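Participant: My file is start-v4.cif. It has mmCIF, C-alpha atoms and all ligand atoms:
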```
data_model
#
loop_
_atom_site.group_PDB
_atom_site.id
_atom_site.type_symbol
_atom_site.label_atom_id
_atom_site.label_comp_id
_atom_site.auth_asym_id
_atom_site.auth_seq_id
_atom_site.Cartn_x
_atom_site.Cartn_y
_atom_site.Cartn_z
ATOM 1 C CA MET A 27 -2.654 7.019 2.484
ATOM 2 C CA LYS A 28 -0.517 8.623 5.167
ATOM 3 C CA THR A 29 2.337 6.864 6.943
ATOM 4 C CA ILE A 30 2.759 7.043 10.708
ATOM 5 C CA LYS A 31 5.899 9.158 10.256
ATOM 6 C CA GLU A 32 3.934 11.704 8.203
ATOM 7 C CA LEU A 33 1.081 11.782 10.724
ATOM 8 C CA ILE A 34 3.500 12.346 13.593
ATOM 9 C CA ARG A 35 5.400 15.009 11.652
ATOM 10 C CA GLU A 36 2.115 16.849 11.028
ATOM 11 C CA SER A 37 1.231 16.703 14.727
ATOM 12 C CA LEU A 38 4.483 18.452 15.681
ATOM 13 C CA THR A 39 3.046 21.889 14.796
ATOM 14 C CA GLU A 40 0.285 21.346 17.327
ATOM 15 C CA VAL A 41 2.803 20.106 19.900
ATOM 16 C CA ALA A 42 4.917 23.256 19.406
ATOM 17 C CA ALA A 43 1.844 25.486 19.784
ATOM 18 C CA THR A 44 0.774 23.654 22.971
ATOM 19 C CA LYS A 45 4.270 23.997 24.414
ATOM 20 C CA ASP A 46 4.287 27.728 23.738
ATOM 21 C CA ILE A 47 0.825 28.230 25.279
ATOM 22 C CA ARG A 48 1.895 26.309 28.389
ATOM 23 C CA ARG A 49 5.028 28.408 28.688
ATOM 24 C CA GLN A 50 3.061 31.667 28.398
ATOM 25 C CA ASP A 51 0.540 30.435 30.995
ATOM 26 C CA SER A 52 3.303 29.493 33.380
ATOM 27 C CA ILE A 53 4.965 32.909 33.059
ATOM 28 C CA LYS A 54 1.634 34.678 33.610
ATOM 29 C CA ARG A 55 0.886 32.597 36.692
ATOM 30 C CA VAL A 56 4.308 33.129 38.290
ATOM 31 C CA TYR A 57 4.367 36.882 37.550
ATOM 32 C CA LYS A 58 0.918 37.298 39.083
ATOM 33 C CA GLN A 59 2.007 35.541 42.251
ATOM 34 C CA PHE A 60 5.427 37.214 42.441
ATOM 35 C CA PRO A 61 5.219 40.733 40.938
ATOM 36 C CA GLU A 62 8.756 41.542 42.134
ATOM 37 C CA LEU A 63 10.050 38.846 39.769
ATOM 38 C CA LYS A 64 8.134 40.393 36.901
ATOM 39 C CA ASP A 65 9.722 43.786 37.754
ATOM 40 C CA ILE A 66 13.226 42.328 37.739
ATOM 41 C CA ASP A 67 12.639 40.570 34.399
ATOM 42 C CA TYR A 68 11.481 43.842 32.837
ATOM 43 C CA GLN A 69 14.494 45.637 34.248
ATOM 44 C CA ILE A 70 16.785 42.964 32.775
ATOM 45 C CA LEU A 71 15.122 43.485 29.420
ATOM 46 C CA GLU A 72 15.632 47.253 29.634
ATOM 47 C CA VAL A 73 19.288 46.899 30.580
ATOM 48 C CA ARG A 74 19.820 44.563 27.621
ATOM 49 C CA ASN A 75 18.208 47.003 25.213
ATOM 50 C CA SER A 76 20.379 49.826 26.544
ATOM 51 C CA ARG A 77 23.473 47.650 26.260
ATOM 52 C CA PHE A 78 22.561 46.920 22.646
ATOM 53 C CA ILE A 79 22.564 50.661 21.886
ATOM 54 C CA ALA A 80 25.863 51.070 23.739
ATOM 55 C CA VAL A 81 27.350 48.342 21.526
ATOM 56 C CA ILE A 82 26.237 50.208 18.404
ATOM 57 C CA ASP A 83 27.747 53.401 19.827
ATOM 58 C CA ASN A 84 30.886 51.474 20.652
ATOM 59 C CA ASP A 85 30.828 52.904 24.179
ATOM 60 C CA GLU A 86 32.986 50.466 26.164
ATOM 61 C CA ARG A 87 32.460 52.238 29.474
ATOM 62 C CA LEU A 88 28.663 52.043 29.182
ATOM 63 C CA ILE A 89 28.735 48.422 28.002
ATOM 64 C CA LYS A 90 30.673 47.482 31.105
ATOM 65 C CA ARG A 91 28.202 49.348 33.324
ATOM 66 C CA PHE A 92 25.252 47.535 31.799
ATOM 67 C CA ASP A 93 27.021 44.191 32.130
ATOM 68 C CA ILE A 94 27.475 44.790 35.847
ATOM 69 C CA ALA A 95 23.846 45.963 36.201
ATOM 70 C CA GLU A 96 22.604 42.822 34.447
ATOM 71 C CA GLU A 97 24.711 40.612 36.656
ATOM 72 C CA GLU A 98 23.312 42.266 39.778
ATOM 73 C CA LEU A 99 19.753 41.926 38.542
ATOM 74 C CA TYR A 100 20.327 38.231 37.813
ATOM 75 C CA ALA A 101 21.655 37.684 41.322
ATOM 76 C CA LYS A 102 18.533 39.346 42.748
ATOM 77 C CA ARG A 103 16.352 37.269 40.485
ATOM 78 C CA ALA A 104 17.999 34.030 41.613
ATOM 79 C CA LYS A 105 17.407 35.000 45.238
ATOM 80 C CA ILE A 106 13.698 35.684 44.655
ATOM 81 C CA ILE A 107 13.345 32.352 42.860
ATOM 82 C CA ALA A 108 15.128 30.423 45.613
ATOM 83 C CA ARG A 109 13.363 32.219 48.464
ATOM 84 C CA ASN A 110 9.892 31.541 47.024
ATOM 85 C CA ASN A 111 10.619 28.050 45.810
ATOM 86 C CA ILE A 112 9.751 28.983 42.213
ATOM 87 C CA ASP A 113 10.558 26.507 39.436
ATOM 88 C CA PRO A 114 13.780 28.016 37.941
ATOM 89 C CA GLU A 115 12.581 26.858 34.505
ATOM 90 C CA PHE A 116 9.129 28.435 34.793
ATOM 91 C CA ASP A 117 9.781 30.559 31.695
ATOM 92 C CA MET A 118 11.195 27.785 29.507
ATOM 93 C CA GLU A 119 9.430 25.492 27.079
ATOM 94 C CA LYS A 120 8.972 22.027 28.484
ATOM 95 C CA CYS A 121 8.499 18.666 26.787
ATOM 96 C CA LEU A 122 4.915 17.431 26.859
ATOM 97 C CA CYS A 123 6.133 13.822 26.930
ATOM 98 C CA GLY A 124 9.239 12.709 28.783
ATOM 99 C CA LYS A 125 9.205 9.276 27.157
ATOM 100 C CA CYS A 126 9.833 10.512 23.609
ATOM 101 C CA ASN A 127 10.833 14.169 24.197
ATOM 102 C CA ASP A 128 7.952 15.042 21.851
ATOM 103 C CA THR A 129 9.499 13.281 18.850
ATOM 104 C CA GLY A 130 6.706 10.674 18.843
ATOM 105 C CA PHE A 131 9.196 7.785 18.881
ATOM 106 C CA TYR A 132 11.204 6.048 21.616
ATOM 107 C CA VAL A 133 13.597 3.103 21.739
ATOM 108 C CA ASN A 134 12.135 0.164 23.680
ATOM 109 C CA SER A 135 14.004 -2.299 25.917
ATOM 110 C CA LYS A 136 14.759 -4.541 22.909
ATOM 111 C CA GLY A 137 16.347 -1.673 21.011
ATOM 112 C CA PHE A 138 13.478 -1.108 18.545
ATOM 113 C CA LEU A 139 12.329 2.366 17.614
ATOM 114 C CA LYS A 140 8.603 2.456 18.430
ATOM 115 C CA VAL A 141 5.734 4.913 18.273
ATOM 116 C CA CYS A 142 5.312 6.511 21.708
ATOM 117 C CA PRO A 143 2.046 5.877 23.601
ATOM 118 C CA CYS A 144 1.481 9.670 23.572
ATOM 119 C CA ARG A 145 0.710 9.320 19.836
ATOM 120 C CA SER A 146 -1.988 6.680 20.160
ATOM 121 C CA LYS A 147 -4.380 8.947 18.256
ATOM 122 C CA GLU A 148 -2.011 9.188 15.272
ATOM 123 C CA LEU A 149 -1.473 5.438 15.479
ATOM 124 C CA ASP A 150 -5.214 4.720 15.398
ATOM 125 C CA ASP A 151 -5.624 7.152 12.484
ATOM 126 C CA CYS A 152 -2.852 5.369 10.639
ATOM 127 C CA TYR A 153 -4.372 1.907 11.202
ATOM 128 C CA GLU A 154 -7.596 3.303 9.812
ATOM 129 C CA HIS A 155 -5.882 4.708 6.692
ATOM 130 C CA SER A 156 -4.011 1.453 6.243
ATOM 131 C CA GLY A 157 -6.987 -0.797 5.566
ATOM 132 C CA MET A 158 -7.695 -1.759 9.180
ATOM 133 C CA ALA A 159 -10.631 0.508 10.049
ATOM 134 C CA ASP A 160 -12.809 -2.523 10.848
ATOM 135 C CA TYR A 161 -10.308 -4.098 13.239
ATOM 136 C CA SER A 162 -9.762 -1.536 15.991
ATOM 137 C CA SER A 163 -10.024 -4.190 18.723
ATOM 138 C CA TYR A 164 -7.283 -6.436 17.271
ATOM 139 C CA LYS A 165 -4.173 -5.970 19.408
ATOM 140 C CA ILE A 166 -0.876 -7.856 19.448
ATOM 141 C CA GLU A 167 -0.981 -8.198 23.238
ATOM 142 C CA ASN A 168 -4.233 -10.158 22.824
ATOM 143 C CA TYR A 169 -2.628 -12.795 20.603
ATOM 144 C CA ARG A 170 -2.833 -16.040 22.521
ATOM 145 C CA ALA A 171 -0.472 -18.783 21.439
ATOM 146 C CA ASP A 172 -2.453 -21.398 23.370
ATOM 147 C CA TYR A 173 -5.650 -20.565 21.503
ATOM 148 C CA LEU A 174 -6.813 -23.641 19.545
ATOM 149 C CA GLY A 175 -4.174 -26.119 20.608
ATOM 150 C CA ASP A 176 -0.562 -26.204 19.466
ATOM 151 C CA ALA A 177 0.905 -23.229 21.334
ATOM 152 C CA LYS A 178 4.499 -23.809 20.211
ATOM 153 C CA LYS A 179 3.496 -23.903 16.566
ATOM 154 C CA ARG A 180 1.393 -20.746 16.879
ATOM 155 C CA GLU A 181 4.188 -18.919 18.670
ATOM 156 C CA LYS A 182 6.615 -19.980 15.930
ATOM 157 C CA THR A 183 4.211 -18.818 13.191
ATOM 158 C CA ARG A 184 3.890 -15.435 14.838
ATOM 159 C CA SER A 185 7.624 -14.902 15.204
ATOM 160 C CA GLU A 186 8.242 -16.111 11.634
ATOM 161 C CA LEU A 187 5.751 -13.573 10.298
ATOM 162 C CA LEU A 188 7.184 -10.781 12.455
ATOM 163 C CA ARG A 189 10.698 -11.604 11.300
ATOM 164 C CA PHE A 190 9.596 -11.610 7.664
ATOM 165 C CA MET A 191 7.782 -8.288 8.139
ATOM 166 C CA SER A 192 10.791 -6.653 9.779
ATOM 167 C CA GLY A 193 12.906 -7.418 6.731
ATOM 168 C CA GLN A 194 15.531 -9.479 8.578
ATOM 169 C CA ASN A 195 15.377 -12.036 5.840
ATOM 170 C CA GLU A 196 17.836 -14.716 4.998
ATOM 171 C CA GLU A 197 19.992 -14.201 1.959
ATOM 172 C CA ASN A 198 18.198 -14.863 -1.335
ATOM 173 C CA GLU A 199 14.912 -15.291 0.508
ATOM 174 C CA SER A 200 11.914 -14.337 -1.612
ATOM 175 C CA PRO A 201 10.201 -11.043 -0.687
ATOM 176 C CA LEU A 202 6.895 -12.882 -1.228
ATOM 177 C CA CYS A 203 5.559 -15.113 1.539
ATOM 178 C CA ILE A 204 2.515 -17.368 1.592
ATOM 179 C CA PHE A 205 0.980 -17.846 5.034
ATOM 180 C CA SER A 206 -1.249 -20.901 4.732
ATOM 181 C CA ALA A 207 -3.318 -22.321 7.586
ATOM 182 C CA ALA A 208 -6.680 -24.068 7.992
ATOM 183 C CA PRO A 209 -9.850 -21.952 8.207
ATOM 184 C CA GLN A 210 -10.861 -20.629 11.650
ATOM 185 C CA THR A 211 -7.360 -20.680 13.106
ATOM 186 C CA GLY A 212 -7.021 -16.925 13.682
ATOM 187 C CA LYS A 213 -5.144 -16.060 10.469
ATOM 188 C CA THR A 214 -6.839 -12.699 10.014
ATOM 189 C CA PHE A 215 -6.183 -11.754 13.640
ATOM 190 C CA LEU A 216 -2.505 -12.547 13.216
ATOM 191 C CA ALA A 217 -2.333 -10.750 9.847
ATOM 192 C CA ILE A 218 -3.825 -7.605 11.368
ATOM 193 C CA VAL A 219 -1.593 -7.558 14.444
ATOM 194 C CA VAL A 220 1.561 -8.125 12.366
ATOM 195 C CA CYS A 221 0.518 -5.255 10.083
ATOM 196 C CA LYS A 222 -0.178 -3.036 13.111
ATOM 197 C CA THR A 223 3.216 -3.974 14.569
ATOM 198 C CA ALA A 224 4.881 -2.827 11.340
ATOM 199 C CA ILE A 225 3.216 0.587 11.675
ATOM 200 C CA ASN A 226 4.130 0.699 15.358
ATOM 201 C CA LEU A 227 7.761 0.309 14.308
ATOM 202 C CA GLY A 228 7.437 3.379 12.085
ATOM 203 C CA LYS A 229 6.994 1.470 8.807
ATOM 204 C CA SER A 230 4.399 2.150 6.124
ATOM 205 C CA ALA A 231 2.107 -0.874 5.877
ATOM 206 C CA TYR A 232 -1.259 -1.899 4.462
ATOM 207 C CA TYR A 233 -3.788 -4.686 4.997
ATOM 208 C CA ALA A 234 -6.187 -5.653 2.195
ATOM 209 C CA LYS A 235 -8.573 -8.463 1.367
ATOM 210 C CA CYS A 236 -7.593 -10.041 -1.951
ATOM 211 C CA GLU A 237 -11.039 -9.594 -3.523
ATOM 212 C CA ASP A 238 -10.988 -5.855 -2.669
ATOM 213 C CA LEU A 239 -7.940 -5.299 -4.892
ATOM 214 C CA ALA A 240 -10.344 -5.019 -7.833
ATOM 215 C CA SER A 241 -12.029 -1.940 -6.374
ATOM 216 C CA ILE A 242 -9.079 -0.236 -4.695
ATOM 217 C CA GLY A 243 -8.501 3.437 -5.712
ATOM 218 C CA ALA A 244 -5.667 4.310 -8.107
ATOM 219 C CA ASP A 245 -3.772 6.380 -5.506
ATOM 220 C CA THR A 246 -3.924 3.666 -2.837
ATOM 221 C CA LEU A 247 -2.914 1.075 -5.415
ATOM 222 C CA GLU A 248 0.147 3.123 -6.304
ATOM 223 C CA ASP A 249 0.973 3.547 -2.610
ATOM 224 C CA ILE A 250 0.728 -0.130 -1.740
ATOM 225 C CA LYS A 251 3.152 -1.003 -4.514
ATOM 226 C CA HIS A 252 5.846 0.955 -2.674
ATOM 227 C CA ILE A 253 5.084 0.733 1.071
ATOM 228 C CA ASP A 254 7.415 -1.123 3.448
ATOM 229 C CA PHE A 255 5.048 -4.009 4.189
ATOM 230 C CA LEU A 256 1.883 -5.377 2.544
ATOM 231 C CA ILE A 257 -0.384 -8.172 3.719
ATOM 232 C CA ILE A 258 -3.170 -9.564 1.498
ATOM 233 C CA ASP A 259 -5.761 -11.670 3.268
ATOM 234 C CA ASP A 260 -8.254 -14.262 1.986
ATOM 235 C CA PHE A 261 -6.043 -15.137 -0.936
ATOM 236 C CA ALA A 262 -7.581 -17.915 -3.069
ATOM 237 C CA ASP A 263 -7.038 -19.189 -6.590
ATOM 238 C CA SER A 264 -10.664 -18.468 -7.548
ATOM 239 C CA VAL A 265 -10.346 -14.802 -6.498
ATOM 240 C CA THR A 266 -7.436 -14.283 -8.890
ATOM 241 C CA LEU A 267 -9.541 -15.407 -11.844
ATOM 242 C CA TYR A 268 -12.302 -12.793 -11.612
ATOM 243 C CA ASN A 269 -12.778 -9.007 -11.717
ATOM 244 C CA ASN A 270 -9.261 -8.295 -12.918
ATOM 245 C CA VAL A 271 -7.824 -9.218 -9.487
ATOM 246 C CA GLY A 272 -5.159 -11.417 -11.101
ATOM 247 C CA SER A 273 -3.848 -8.550 -13.199
ATOM 248 C CA VAL A 274 -3.884 -5.998 -10.339
ATOM 249 C CA LEU A 275 -2.203 -8.429 -7.953
ATOM 250 C CA ASN A 276 0.367 -9.345 -10.582
ATOM 251 C CA SER A 277 1.419 -5.727 -11.065
ATOM 252 C CA ILE A 278 1.590 -5.169 -7.278
ATOM 253 C CA LEU A 279 3.765 -8.248 -6.779
ATOM 254 C CA GLU A 280 6.035 -7.380 -9.695
ATOM 255 C CA THR A 281 6.747 -3.829 -8.508
ATOM 256 C CA ARG A 282 7.271 -4.952 -4.931
ATOM 257 C CA ALA A 283 9.537 -7.856 -5.868
ATOM 258 C CA ALA A 284 11.741 -5.512 -7.900
ATOM 259 C CA SER A 285 12.382 -3.446 -4.749
ATOM 260 C CA LYS A 286 12.519 -6.537 -2.485
ATOM 261 C CA LEU A 287 9.617 -5.264 -0.363
ATOM 262 C CA PRO A 288 8.034 -7.951 1.841
ATOM 263 C CA THR A 289 4.497 -9.035 0.887
ATOM 264 C CA VAL A 290 2.425 -11.725 2.618
ATOM 265 C CA LEU A 291 -0.478 -13.611 1.032
ATOM 266 C CA VAL A 292 -2.744 -15.164 3.680
ATOM 267 C CA THR A 293 -4.722 -18.196 2.560
ATOM 268 C CA PRO A 294 -6.752 -21.132 3.913
ATOM 269 C CA PHE A 295 -5.616 -23.295 0.961
ATOM 270 C CA PRO A 296 -2.556 -25.552 0.612
ATOM 271 C CA VAL A 297 0.202 -23.920 -1.463
ATOM 272 C CA ALA A 298 0.414 -26.779 -4.006
ATOM 273 C CA GLU A 299 -3.269 -26.426 -4.797
ATOM 274 C CA LEU A 300 -2.937 -22.652 -5.268
ATOM 275 C CA ILE A 301 -0.002 -23.069 -7.656
ATOM 276 C CA LYS A 302 -2.071 -25.484 -9.733
ATOM 277 C CA LYS A 303 -5.236 -23.396 -9.997
ATOM 278 C CA CYS A 304 -4.244 -19.715 -9.800
ATOM 279 C CA ASP A 305 -4.092 -17.124 -12.540
ATOM 280 C CA MET A 306 -0.942 -18.190 -14.451
ATOM 281 C CA ARG A 307 1.048 -15.005 -13.777
ATOM 282 C CA ILE A 308 0.436 -15.326 -10.033
ATOM 283 C CA SER A 309 1.043 -19.054 -10.055
ATOM 284 C CA GLY A 310 4.560 -18.539 -11.400
ATOM 285 C CA LYS A 311 5.368 -16.175 -8.534
ATOM 286 C CA LEU A 312 3.988 -18.547 -5.888
ATOM 287 C CA GLN A 313 6.434 -21.271 -6.882
ATOM 288 C CA SER A 314 9.443 -19.339 -5.639
ATOM 289 C CA ALA A 315 7.689 -17.803 -2.600
ATOM 290 C CA LYS A 316 8.628 -18.475 0.996
ATOM 291 C CA THR A 317 5.996 -20.495 2.844
ATOM 292 C CA ILE A 318 4.824 -20.265 6.411
ATOM 293 C CA SER A 319 2.239 -22.961 7.010
ATOM 294 C CA THR A 320 0.729 -25.320 9.518
ATOM 295 C CA GLU A 321 1.567 -29.028 9.377
ATOM 296 C CA GLY A 322 0.749 -30.983 6.239
ATOM 297 C CA ARG A 323 0.436 -28.063 3.835
HETATM 298 ZN ZN ZN B 1 5.698 10.544 23.817
#
```
Can I see the file as structure tokens?
Ligand SMILES: [Zn+2]
Facilitator:
Amino acid sequence: MKTIKELIRESLTEVAATKDIRRQDSIKRVYKQFPELKDIDYQILEVRNSRFIAVIDNDERLIKRFDIAEEELYAKRAKIIARNNIDPEFDMEKCLCGKCNDTGFYVNSKGFLKVCPCRSKELDDCYEHSGMADYSSYKIENYRADYLGDAKKREKTRSELLRFMSGQNEENESPLCIFSAAPQTGKTFLAIVVCKTAINLGKSAYYAKCEDLASIGADTLEDIKHIDFLIIDDFADSVTLYNNVGSVLNSILETRAASKLPTVLVTPFPVAELIKKCDMRISGKLQSAKTISTEGR
């Protein structure tokens, strides 16, 4: 599993190559159109090489002569550039993206470091590697607070989950959170968009269905114990009692709690009921967890 930072770092080689190709193309184009500029640039190069030899020979008189020659050539060059309206930076490497200066990240109006839109491909790849391959159409901007009634409550739930994800937790707050809401209220949608937001902020994050923990690969399992943010959907007491899920989940929660890494369990069941019926090891952890829930749970 690759984090967004790793994916962006890997893409920098390609960015550097593209920048260099563009620079070479630009030089070729300008030289073809203005051969006199090409001549001057070659003369400057020759003068510099000669000066280099003069430096080795320690010939002060020659060095001075070459310095003057170079200065004159530069003055000529500047005139050609100005007269023909040539971009004075035609032979320099230029950023492909002005928003992030090719770093892949920018600071938004709220002061958060975010993945730049120029890396949407890396972002989509990362969502895919992070358990969200089936949810490419789920976007935070499509979250509607007024969907299914109580808009204020839904807005509050969203901001509570985002705050928990971002790690701005209150002192002594548990790194484990249970998000409990009735079936068909858009829990999965919210879980996915919060997880995508975490990645968008440069964090490593993963989304998994609770029952899939039994079949998750050893490498991914190791990764999700240590990533910045983990969200486990469709959490139910019955799931923890079969296929070794209870034991896998227990070891994930234990490792993550030790490093105070935020984990969210998403469930359609009331918390009290889960505590009563879950695998005992999990049940103990639920008792001290933070709860985000709809009324009456
Ligand atoms: Zn950019």
Participant: From the set A:Val81, A:Leu63, A:Ile47, A:Ile30, which residue has the shortest atom-to-atom contact distance to Ser146 of chain A, counting all atoms listed in the file?
Facilitator: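 Ranking A:Val81, A:Leu63, A:Ile47, A:Ile30 by distance to Ser146 of chain A, first place goes to A:Ile30.
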Participant: Check what the PyMOL selection byres (((chain A and resi 245-259) around 6) and not hetatm) selects in the file above and give those residues as a PyMOL selection string.
Facilitator: chain A and resi 229-236+243-244+260-261+278+282+288-292
Participant: A:Lys147, A:His155, A:Arg307, A:Lys222: which is nearest ligand ZN 1 (chain B), counting only C-alpha atoms and all ligand atoms?
Facilitator: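 For ligand ZN 1 (chain B), the nearest of the given residues is A:Lys147.
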Participant: Could you tell me which of A:Phe131, A:Tyr68, A:Phe92, A:Tyr100 comes closest to ligand ZN 1 (chain B) if we count all atoms listed in the file?
Facilitator: A:Phe131
Participant: Give me, please, the distance in Å between atom CA of Gly310 of chain A and atom CA of Ser264 of chain A, quoted to one decimal.
Facilitator: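 Computing the Euclidean distance for atom CA of Gly310 of chain A and atom CA of Ser264 of chain A yields 15.7 Å.
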Participant: Quick one: of A:Asp160, A:Asp65, A:Glu148, A:Asp93, who's nearest to ligand ZN 1 (chain B), counting only C-alpha atoms and all ligand atoms?
Facilitator: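 Under the stated criterion, the closest residue is A:Glu148.
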Participant: Just give me the gap between atom CA of Arg48 of chain A and atom CA of Val133 of chain A in Å, one decimal is fine.
Facilitator: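 Computing it gives 26.8 Å between the two atoms.
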Participant: With all atoms listed in the file as the atoms that count, which of A:Val73, A:Leu188, A:Ala42, A:Cys121 lies nearest to ligand ZN 1 (chain B)?
Facilitator: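 Smallest distance to ligand ZN 1 (chain B) is found for A:Cys121.
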Participant: Taking all atoms of segment 273-287 of chain A that appear in the file, build a box with edges along x, y and z, extend it by 6 Å on every side, and state its centre and edge lengths in Å to one decimal, as AutoDock Vina command-line options.
Facilitator:
```
--center_x 4.3 --center_y -6.4 --center_z -6.8 --size_x 28.4 --size_y 17.9 --size_z 24.8
```
Participant: I would like the residues chosen by the PyMOL selection byres (((chain A and resi 199) around 10) and not hetatm) on the shown file; could you give them as a ChimeraX atom specification?
Facilitator: /A:190,194-198,200-203,286,314-316
Participant: Using only C-alpha atoms and all ligand atoms, what table do you get, as a Markdown table, when you list each residue of chain A with an atom no more than 7 Å from ligand ZN 1 (chain B), its nearest pair of atoms, and their distance in Å rounded to one decimal, rows by chain then rising number?
Facilitator:
```
| residue | atom | partner | partner_atom | distance |
| --- | --- | --- | --- | --- |
| A:Cys123 | CA | B:ZN1 | ZN | 4.5 |
| A:Gly124 | CA | B:ZN1 | ZN | 6.5 |
| A:Lys125 | CA | B:ZN1 | ZN | 5.0 |
| A:Cys126 | CA | B:ZN1 | ZN | 4.1 |
| A:Asn127 | CA | B:ZN1 | ZN | 6.3 |
| A:Asp128 | CA | B:ZN1 | ZN | 5.4 |
| A:Thr129 | CA | B:ZN1 | ZN | 6.8 |
| A:Gly130 | CA | B:ZN1 | ZN | 5.1 |
| A:Phe131 | CA | B:ZN1 | ZN | 6.6 |
| A:Cys142 | CA | B:ZN1 | ZN | 4.6 |
| A:Pro143 | CA | B:ZN1 | ZN | 5.9 |
| A:Cys144 | CA | B:ZN1 | ZN | 4.3 |
| A:Arg145 | CA | B:ZN1 | ZN | 6.5 |
```
Participant: Could you save the residues just selected, with C-alpha atoms, as an mmCIF file, keeping the file's coordinate frame?
Facilitator:
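Written out: part-v7.cif:
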```
data_model
loop_
_atom_site.group_PDB
_atom_site.id
_atom_site.type_symbol
_atom_site.label_atom_id
_atom_site.label_comp_id
_atom_site.auth_asym_id
_atom_site.auth_seq_id
_atom_site.Cartn_x
_atom_site.Cartn_y
_atom_site.Cartn_z
ATOM 1 C CA CYS A 123 6.133 13.822 26.930
ATOM 2 C CA GLY A 124 9.239 12.709 28.783
ATOM 3 C CA LYS A 125 9.205 9.276 27.157
ATOM 4 C CA CYS A 126 9.833 10.512 23.609
ATOM 5 C CA ASN A 127 10.833 14.169 24.197
ATOM 6 C CA ASP A 128 7.952 15.042 21.851
ATOM 7 C CA THR A 129 9.499 13.281 18.850
ATOM 8 C CA GLY A 130 6.706 10.674 18.843
ATOM 9 C CA PHE A 131 9.196 7.785 18.881
ATOM 10 C CA CYS A 142 5.312 6.511 21.708
ATOM 11 C CA PRO A 143 2.046 5.877 23.601
ATOM 12 C CA CYS A 144 1.481 9.670 23.572
ATOM 13 C CA ARG A 145 0.710 9.320 19.836
#
```
Participant: One decimal, in Å: what's the spacing between atom CA of Ser192 of chain A and atom CA of Ala224 of chain A?
Facilitator: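 So the answer is 7.2 Å.
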Participant: Just the residues within 10 Å of Pro114 of chain A, please, counting only C-alpha atoms, with nothing from its chain fewer than 6 positions along; format it as a ChimeraX atom specification.
Facilitator: /A:103-104,107-108
Participant: Compile the contact shell of Glu115 of chain A as an MDAnalysis selection string: residues with an atom at most 10 Å away, counting only C-alpha atoms, same-chain residues fewer than 4 positions apart removed.
Facilitator: chainID A and resid 49 52:53 119:120
Participant: The PyMOL selection byres (((chain A and resi 216) around 12) and not hetatm) on the file shown: which residues, as JSON, numbers by chain?
Facilitator: {"A": [161, 164, 165, 166, 167, 168, 169, 170, 171, 173, 180, 181, 183, 184, 185, 186, 187, 188, 205, 206, 207, 210, 211, 212, 213, 214, 215, 217, 218, 219, 220, 221, 222, 223, 233, 257, 259, 290, 292]}
Participant: With all atoms listed in the file as the basis for distance, which of A:Arg109, A:Arg35, A:Lys28, A:Arg74 is at the shortest distance from Asp150 of chain A?
Facilitator: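 That would be A:Lys28, the residue with the smallest distance to Asp150 of chain A.
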